[in-house]
Amino acid sequence: MSKIVESVLSNYPNASRDSLIPILQDVQELDGFLSKDSVEAIGKYLRLPTSKIYGVATFYNQFRFSPVGQYHIEICRGTACHVKGSLPVLEEFQRQLNINPGETSKDGIFSLEVVACIGACGLAPAITINGEVYANVDIDDIKKIVKSYRRKVSENA
Amino acid sequence: MYTIEVNNRHIQTKDGETILNACNRAGIKVPTLCHIEGLFPTGACRMCVVEVEGMDGLVPSCAWPVKEGMKVNTFSPKALKARKTIIELLLADHPDDCLYCVRNGDCELQGLAEELGVRQRRYSGKKSQYDIDSSSSAIFRDPAKCILCGKCVRVCEEIQGVSSIDFIERGCKTEIGTAFREGLNVSSCVNCGQCVIVCPTGALREKSNLKVVIDAINDPEKIVIAQHAPSISVTLGEEFGIKPGRDVVGIMTSALRKLGFDRVFDTSFSADLTILEEGSELVHRIKNGGVLPMMTSCSPGWIKFVEEFYPEYIPNLSSCKSPQNMLGAVIKSYYAEKENLDKKKIFNVGIMPCSAKKFEAERPEMNVDGLRDIDAVLTTRELARLIKMYGMSLHDMEPEIADNPFAERSSAGKLFGATGGVMEAAVRTAYYLLTGKELEGPKIKDLRGLDGLKVVYLQIGDLKIGVAAASGLGNAKKLLKEIKNGRNDIHFIEVMTCPGGCINGGGQPQAVNIDDVKARMKALYTIDRDAEIRTSHGNKYIQKLYKDYLGEPLSEKSHKILHTHYKKRDVLL
């Protein structure tokens, strides 16, 4: 069992299945994602089959099963952003990065996530990359944005 | 006791019963796609909605308790319209490829569409795309055909205690899958096929071996040998409209020959052989302080279950191969040598009530000198398909008997098809081995019937032994827990993966109810009642096999071809 899971579980003595979601949240908070090993260890602790835990975790958007990339892109799909065209923005990112929301690119550079309103409705459609907000995102900008981060990576390498 | 009125008819109901149950008992059919008798209702499919006087909406009869004086209409225009709409909506996200589907003709979704008169596609839209999972050697999963009734998830969890699948994702993306969407082959799935039995559509089916078998039959070089498991002869008939429980062994043998199998043997023969080996192993363990309780090893789902969930009990498993693999191994050794056949040209086909047998046949340890014991496995359903494909029917055939030297079986071997049967057969022979006398009766009533867990204490000579028979892995799990907690009055445990045993196996005809299973069971008991030879050790051909080839039970030769061993399996549990 990883140290992270162990330390999380130690906060839940005599836990039963109703503690599953808080435990998953804590592990993801510390580990960044839910690994097979974590899920198995949690399952053993709560006496729940891994299939059940995976079922619960996939039910909610907040859980991911691969570590986030070097640059974590969050696409706002709140109402205002939706009206201002966040769906084409999301689709363009999916096309450019060849990943779906919740996934990480094979090179580990980008990960994509869909989030509900981030409170930047005046800037819709808005996205954040590692917390930095990009306002009024235009589909034609996306290629440039992705490229700029790729360049950063290669410059640092 | 309540009296309720259903469709203007008064019916008596039990306290706390659901409307659906009451209707079923009264012979009033209410359709359902998600209900499993004996399990808690989920109300998932809403097909069983009925109109109850005084209530605003329709109520799901599977989850609604009866009340005194309740007035129910099962086919009011409102109820029928709701059902029809549900089917239309389900079909809107269904591949619509009935003509190409293995369940064409016995699909519950198709059946209801027909009954409710669905004649046009009222709803259309983009259909969901899913990956097929063909990774398992036993079970084939096509989520596109799934209607999310949840029955597979529930038998896997509640009956079998395995839980290898569950609902994943949410809303319109919901599908059934394993943890982390791994293939069934690397999941905790034990291949029992109970999910296939309850699946209303073609979303779950067995991995078909028909093509390899047909190719082998058509290959003039190959000597294709069929062996049929004890329970096949009392279930195959159902696929041809014969009522459950009729023994069709003679015409089945005849059909197998007509299909082109070069030899037809009865696995009940090697069930007798299993009893000799397993019975001797038990006596050896008891006399020499070996690991007890000993547990049977004929049900391959159970073996994988122990390897995954209870590896600490692997030493308790009998080292005997299953009857299927024992006969396969004997055919490719003793029989081939005796008949002067080229072992490499022999193609062994097991006709089994079981999907897990397909997995068992592929296990690397199941071989003799590098030759696989069994080359292909067909389920009862697949055999029926093959017979129909060749334009035959069971109705116009003359019964024939199986080939020698494995044609003769004791009825003890035949009992393997029902839960408790292996134990009954084993006790008959263990009694003889320990006392030199035959068990009187020799029926052991307390080991019979469909109970999931049966425990019997027996006095054999000066030895008092406890034996147990569990069927359905959930029941086996309960027993193992007791043993873990110190229960030590049981020496020998028979476990059948499927509830009721092989007669209700994952490869048997679908859409059965409990009465069908009872009829199959009764048929096996009748065969035993009327048989001349009722003990495995009384089988003359078994005696001859030992005299000519094996020597004695547990001999070096026996160990080489009839025994094996298992090891811990690492999967996500």
# chains A, B, ... in the order shown; residues from 1 in each chain; ligands from 1
call {"tool": "residues_around", "arguments": {"residues": "B:Ala271", "least_positions_apart": "3", "cutoff": "10 Å", "atoms": "only C-alpha atoms", "output": "ChimeraX atom specification"}}
result
/B:229-230,266-268,274-277,298,322-324,326-327,409-417,422,425,536
call {"tool": "interface_residues", "arguments": {"of": "chain A", "to": "chain B", "cutoff": "6 Å", "atoms": "only C-alpha atoms", "output": "ChimeraX atom specification"}}
result
/A:49-52,54-55,58-59
call {"tool": "residues_around", "arguments": {"residues": "A:Ser105", "least_positions_apart": "5", "cutoff": "12 Å", "atoms": "only C-alpha atoms", "output": "list in words"}}
result
Ser66, Pro67, Val68, Gly69, Gln70, Tyr71, His72, Ile73, Phe93, Gln94, Arg95, Gln96, Leu97, Asn98, Ile99, Asn100, Phe110, Ser111, Leu112 and Glu113 of chain A
call {"tool": "select_by_dssp", "arguments": {"residues": "stretch 215-327 of chain B", "states": "helix (DSSP H, G or I)", "output": "VMD selection string"}}
result
chain B and resid 215 to 218 232 to 234 236 to 240 249 to 259 267 to 287 300 to 309 311 to 316 323 to 327
call {"tool": "write_last_selection", "arguments": {"atoms": "C-alpha atoms", "output": "PDB file, in the first residue's frame"}}
result
ATOM      1  CA  ASP B 215     -13.198 -27.339 -39.002  1.00  0.00           C
ATOM      2  CA  ALA B 216     -11.880 -30.280 -37.006  1.00  0.00           C
ATOM      3  CA  ILE B 217     -14.818 -32.481 -38.056  1.00  0.00           C
ATOM      4  CA  ASN B 218     -14.151 -31.594 -41.692  1.00  0.00           C
ATOM      5  CA  ILE B 232     -26.232 -32.427 -20.948  1.00  0.00           C
ATOM      6  CA  SER B 233     -28.585 -35.299 -21.654  1.00  0.00           C
ATOM      7  CA  VAL B 234     -31.257 -33.889 -19.327  1.00  0.00           C
ATOM      8  CA  LEU B 236     -30.337 -30.503 -24.430  1.00  0.00           C
ATOM      9  CA  GLY B 237     -33.909 -31.519 -25.255  1.00  0.00           C
ATOM     10  CA  GLU B 238     -35.209 -28.142 -24.086  1.00  0.00           C
ATOM     11  CA  GLU B 239     -33.506 -26.475 -27.061  1.00  0.00           C
ATOM     12  CA  PHE B 240     -35.718 -28.628 -29.293  1.00  0.00           C
ATOM     13  CA  VAL B 249     -28.848 -39.466 -23.978  1.00  0.00           C
ATOM     14  CA  GLY B 250     -29.513 -42.039 -26.703  1.00  0.00           C
ATOM     15  CA  ILE B 251     -30.675 -39.643 -29.395  1.00  0.00           C
ATOM     16  CA  MET B 252     -27.985 -37.153 -28.437  1.00  0.00           C
ATOM     17  CA  THR B 253     -25.347 -39.847 -28.982  1.00  0.00           C
ATOM     18  CA  SER B 254     -26.922 -40.628 -32.310  1.00  0.00           C
ATOM     19  CA  ALA B 255     -26.933 -36.925 -33.242  1.00  0.00           C
ATOM     20  CA  LEU B 256     -23.265 -36.516 -32.293  1.00  0.00           C
ATOM     21  CA  ARG B 257     -22.325 -39.422 -34.580  1.00  0.00           C
ATOM     22  CA  LYS B 258     -24.368 -37.958 -37.415  1.00  0.00           C
ATOM     23  CA  LEU B 259     -22.601 -34.640 -36.925  1.00  0.00           C
ATOM     24  CA  THR B 267     -17.966 -37.816 -19.270  1.00  0.00           C
ATOM     25  CA  SER B 268     -19.915 -39.601 -16.514  1.00  0.00           C
ATOM     26  CA  PHE B 269     -17.379 -42.396 -17.029  1.00  0.00           C
ATOM     27  CA  SER B 270     -14.545 -40.124 -15.978  1.00  0.00           C
ATOM     28  CA  ALA B 271     -16.747 -38.756 -13.216  1.00  0.00           C
ATOM     29  CA  ASP B 272     -16.525 -42.301 -11.868  1.00  0.00           C
ATOM     30  CA  LEU B 273     -12.780 -42.131 -12.354  1.00  0.00           C
ATOM     31  CA  THR B 274     -12.685 -38.815 -10.484  1.00  0.00           C
ATOM     32  CA  ILE B 275     -14.524 -40.424  -7.599  1.00  0.00           C
ATOM     33  CA  LEU B 276     -11.977 -43.232  -7.362  1.00  0.00           C
ATOM     34  CA  GLU B 277      -9.090 -40.776  -7.362  1.00  0.00           C
ATOM     35  CA  GLU B 278     -10.739 -38.125  -5.209  1.00  0.00           C
ATOM     36  CA  GLY B 279     -12.219 -40.663  -2.794  1.00  0.00           C
ATOM     37  CA  SER B 280      -8.794 -42.264  -2.377  1.00  0.00           C
ATOM     38  CA  GLU B 281      -7.221 -38.851  -1.920  1.00  0.00           C
ATOM     39  CA  LEU B 282      -9.727 -38.091   0.852  1.00  0.00           C
ATOM     40  CA  VAL B 283      -9.096 -41.404   2.608  1.00  0.00           C
ATOM     41  CA  HIS B 284      -5.350 -40.793   2.266  1.00  0.00           C
ATOM     42  CA  ARG B 285      -5.648 -37.300   3.746  1.00  0.00           C
ATOM     43  CA  ILE B 286      -7.790 -38.486   6.648  1.00  0.00           C
ATOM     44  CA  LYS B 287      -5.491 -41.421   7.462  1.00  0.00           C
ATOM     45  CA  PRO B 300     -13.506 -24.625 -12.893  1.00  0.00           C
ATOM     46  CA  GLY B 301     -15.226 -21.410 -11.774  1.00  0.00           C
ATOM     47  CA  TRP B 302     -14.690 -22.441  -8.178  1.00  0.00           C
ATOM     48  CA  ILE B 303     -11.018 -23.217  -8.829  1.00  0.00           C
ATOM     49  CA  LYS B 304     -10.364 -19.740 -10.222  1.00  0.00           C
ATOM     50  CA  PHE B 305     -12.367 -18.267  -7.353  1.00  0.00           C
ATOM     51  CA  VAL B 306     -10.088 -19.971  -4.807  1.00  0.00           C
ATOM     52  CA  GLU B 307      -6.947 -18.959  -6.714  1.00  0.00           C
ATOM     53  CA  GLU B 308      -8.052 -15.320  -6.605  1.00  0.00           C
ATOM     54  CA  PHE B 309     -10.008 -14.823  -3.400  1.00  0.00           C
ATOM     55  CA  PRO B 311      -5.323 -18.671  -2.182  1.00  0.00           C
ATOM     56  CA  GLU B 312      -4.702 -19.876   1.376  1.00  0.00           C
ATOM     57  CA  TYR B 313      -7.117 -22.736   0.630  1.00  0.00           C
ATOM     58  CA  ILE B 314      -5.329 -23.960  -2.496  1.00  0.00           C
ATOM     59  CA  PRO B 315      -3.764 -26.839  -0.487  1.00  0.00           C
ATOM     60  CA  ASN B 316      -7.302 -27.920   0.427  1.00  0.00           C
ATOM     61  CA  PRO B 323     -13.859 -35.243 -15.186  1.00  0.00           C
ATOM     62  CA  GLN B 324     -13.668 -33.408 -18.529  1.00  0.00           C
ATOM     63  CA  ASN B 325      -9.893 -33.166 -18.431  1.00  0.00           C
ATOM     64  CA  MET B 326      -9.439 -36.608 -16.920  1.00  0.00           C
ATOM     65  CA  LEU B 327     -11.269 -38.172 -19.842  1.00  0.00           C
TER      66      LEU B 327
END
call {"tool": "closest_residue", "arguments": {"among": "A:Arg77, A:Lys44, A:Arg64, A:Lys36", "to": "A:Ala126", "atoms": "only C-alpha atoms"}}
result
A:Arg77
call {"tool": "residues_around", "arguments": {"residues": "A:Asn11", "least_positions_apart": "3", "cutoff": "12 Å", "atoms": "only C-alpha atoms", "output": "list in words"}}
result
Ile4, Val5, Glu6, Ser7, Val8, Asn14, Ala15, Ser19, Pro22, Ile23, Asp26 and Val27 of chain A
call {"tool": "write_last_selection", "arguments": {"atoms": "N, CA, C and O atoms", "output": "PDB file, in the first residue's frame"}}
result
ATOM      1  N   ILE A   4       0.732   7.296   0.774  1.00  0.00           N
ATOM      2  CA  ILE A   4      -0.374   8.257   0.703  1.00  0.00           C
ATOM      3  C   ILE A   4      -1.688   7.603   1.122  1.00  0.00           C
ATOM      4  O   ILE A   4      -2.402   8.102   1.989  1.00  0.00           O
ATOM      5  N   VAL A   5      -1.972   6.439   0.512  1.00  0.00           N
ATOM      6  CA  VAL A   5      -3.227   5.749   0.836  1.00  0.00           C
ATOM      7  C   VAL A   5      -3.233   5.376   2.316  1.00  0.00           C
ATOM      8  O   VAL A   5      -4.233   5.550   3.016  1.00  0.00           O
ATOM      9  N   GLU A   6      -2.095   4.906   2.779  1.00  0.00           N
ATOM     10  CA  GLU A   6      -1.999   4.499   4.174  1.00  0.00           C
ATOM     11  C   GLU A   6      -2.322   5.670   5.105  1.00  0.00           C
ATOM     12  O   GLU A   6      -3.087   5.536   6.059  1.00  0.00           O
ATOM     13  N   SER A   7      -1.747   6.838   4.771  1.00  0.00           N
ATOM     14  CA  SER A   7      -1.974   7.984   5.660  1.00  0.00           C
ATOM     15  C   SER A   7      -3.423   8.456   5.580  1.00  0.00           C
ATOM     16  O   SER A   7      -4.022   8.834   6.582  1.00  0.00           O
ATOM     17  N   VAL A   8      -4.012   8.394   4.391  1.00  0.00           N
ATOM     18  CA  VAL A   8      -5.422   8.780   4.273  1.00  0.00           C
ATOM     19  C   VAL A   8      -6.297   7.836   5.087  1.00  0.00           C
ATOM     20  O   VAL A   8      -7.142   8.276   5.880  1.00  0.00           O
ATOM     21  N   ASN A  14     -12.152   2.411  11.506  1.00  0.00           N
ATOM     22  CA  ASN A  14     -13.453   1.709  11.474  1.00  0.00           C
ATOM     23  C   ASN A  14     -14.391   2.236  10.397  1.00  0.00           C
ATOM     24  O   ASN A  14     -15.600   2.302  10.587  1.00  0.00           O
ATOM     25  N   ALA A  15     -13.841   2.633   9.272  1.00  0.00           N
ATOM     26  CA  ALA A  15     -14.690   3.204   8.223  1.00  0.00           C
ATOM     27  C   ALA A  15     -15.508   2.120   7.553  1.00  0.00           C
ATOM     28  O   ALA A  15     -15.105   0.965   7.493  1.00  0.00           O
ATOM     29  N   SER A  19     -17.819   5.936   3.760  1.00  0.00           N
ATOM     30  CA  SER A  19     -16.664   6.839   3.738  1.00  0.00           C
ATOM     31  C   SER A  19     -15.939   6.792   2.395  1.00  0.00           C
ATOM     32  O   SER A  19     -14.897   7.440   2.237  1.00  0.00           O
ATOM     33  N   PRO A  22     -15.303  10.425   0.460  1.00  0.00           N
ATOM     34  CA  PRO A  22     -14.274  11.250   1.099  1.00  0.00           C
ATOM     35  C   PRO A  22     -12.871  10.649   0.990  1.00  0.00           C
ATOM     36  O   PRO A  22     -11.903  11.381   0.761  1.00  0.00           O
ATOM     37  N   ILE A  23     -12.777   9.322   1.117  1.00  0.00           N
ATOM     38  CA  ILE A  23     -11.452   8.687   1.016  1.00  0.00           C
ATOM     39  C   ILE A  23     -10.888   8.876  -0.389  1.00  0.00           C
ATOM     40  O   ILE A  23      -9.728   9.257  -0.574  1.00  0.00           O
ATOM     41  N   ASP A  26      -9.680  12.407  -0.774  1.00  0.00           N
ATOM     42  CA  ASP A  26      -8.419  12.665  -0.071  1.00  0.00           C
ATOM     43  C   ASP A  26      -7.232  12.086  -0.834  1.00  0.00           C
ATOM     44  O   ASP A  26      -6.182  12.716  -0.957  1.00  0.00           O
ATOM     45  N   VAL A  27      -7.414  10.858  -1.322  1.00  0.00           N
ATOM     46  CA  VAL A  27      -6.304  10.212  -2.037  1.00  0.00           C
ATOM     47  C   VAL A  27      -5.985  10.997  -3.310  1.00  0.00           C
ATOM     48  O   VAL A  27      -4.822  11.266  -3.616  1.00  0.00           O
TER      49      VAL A  27
END
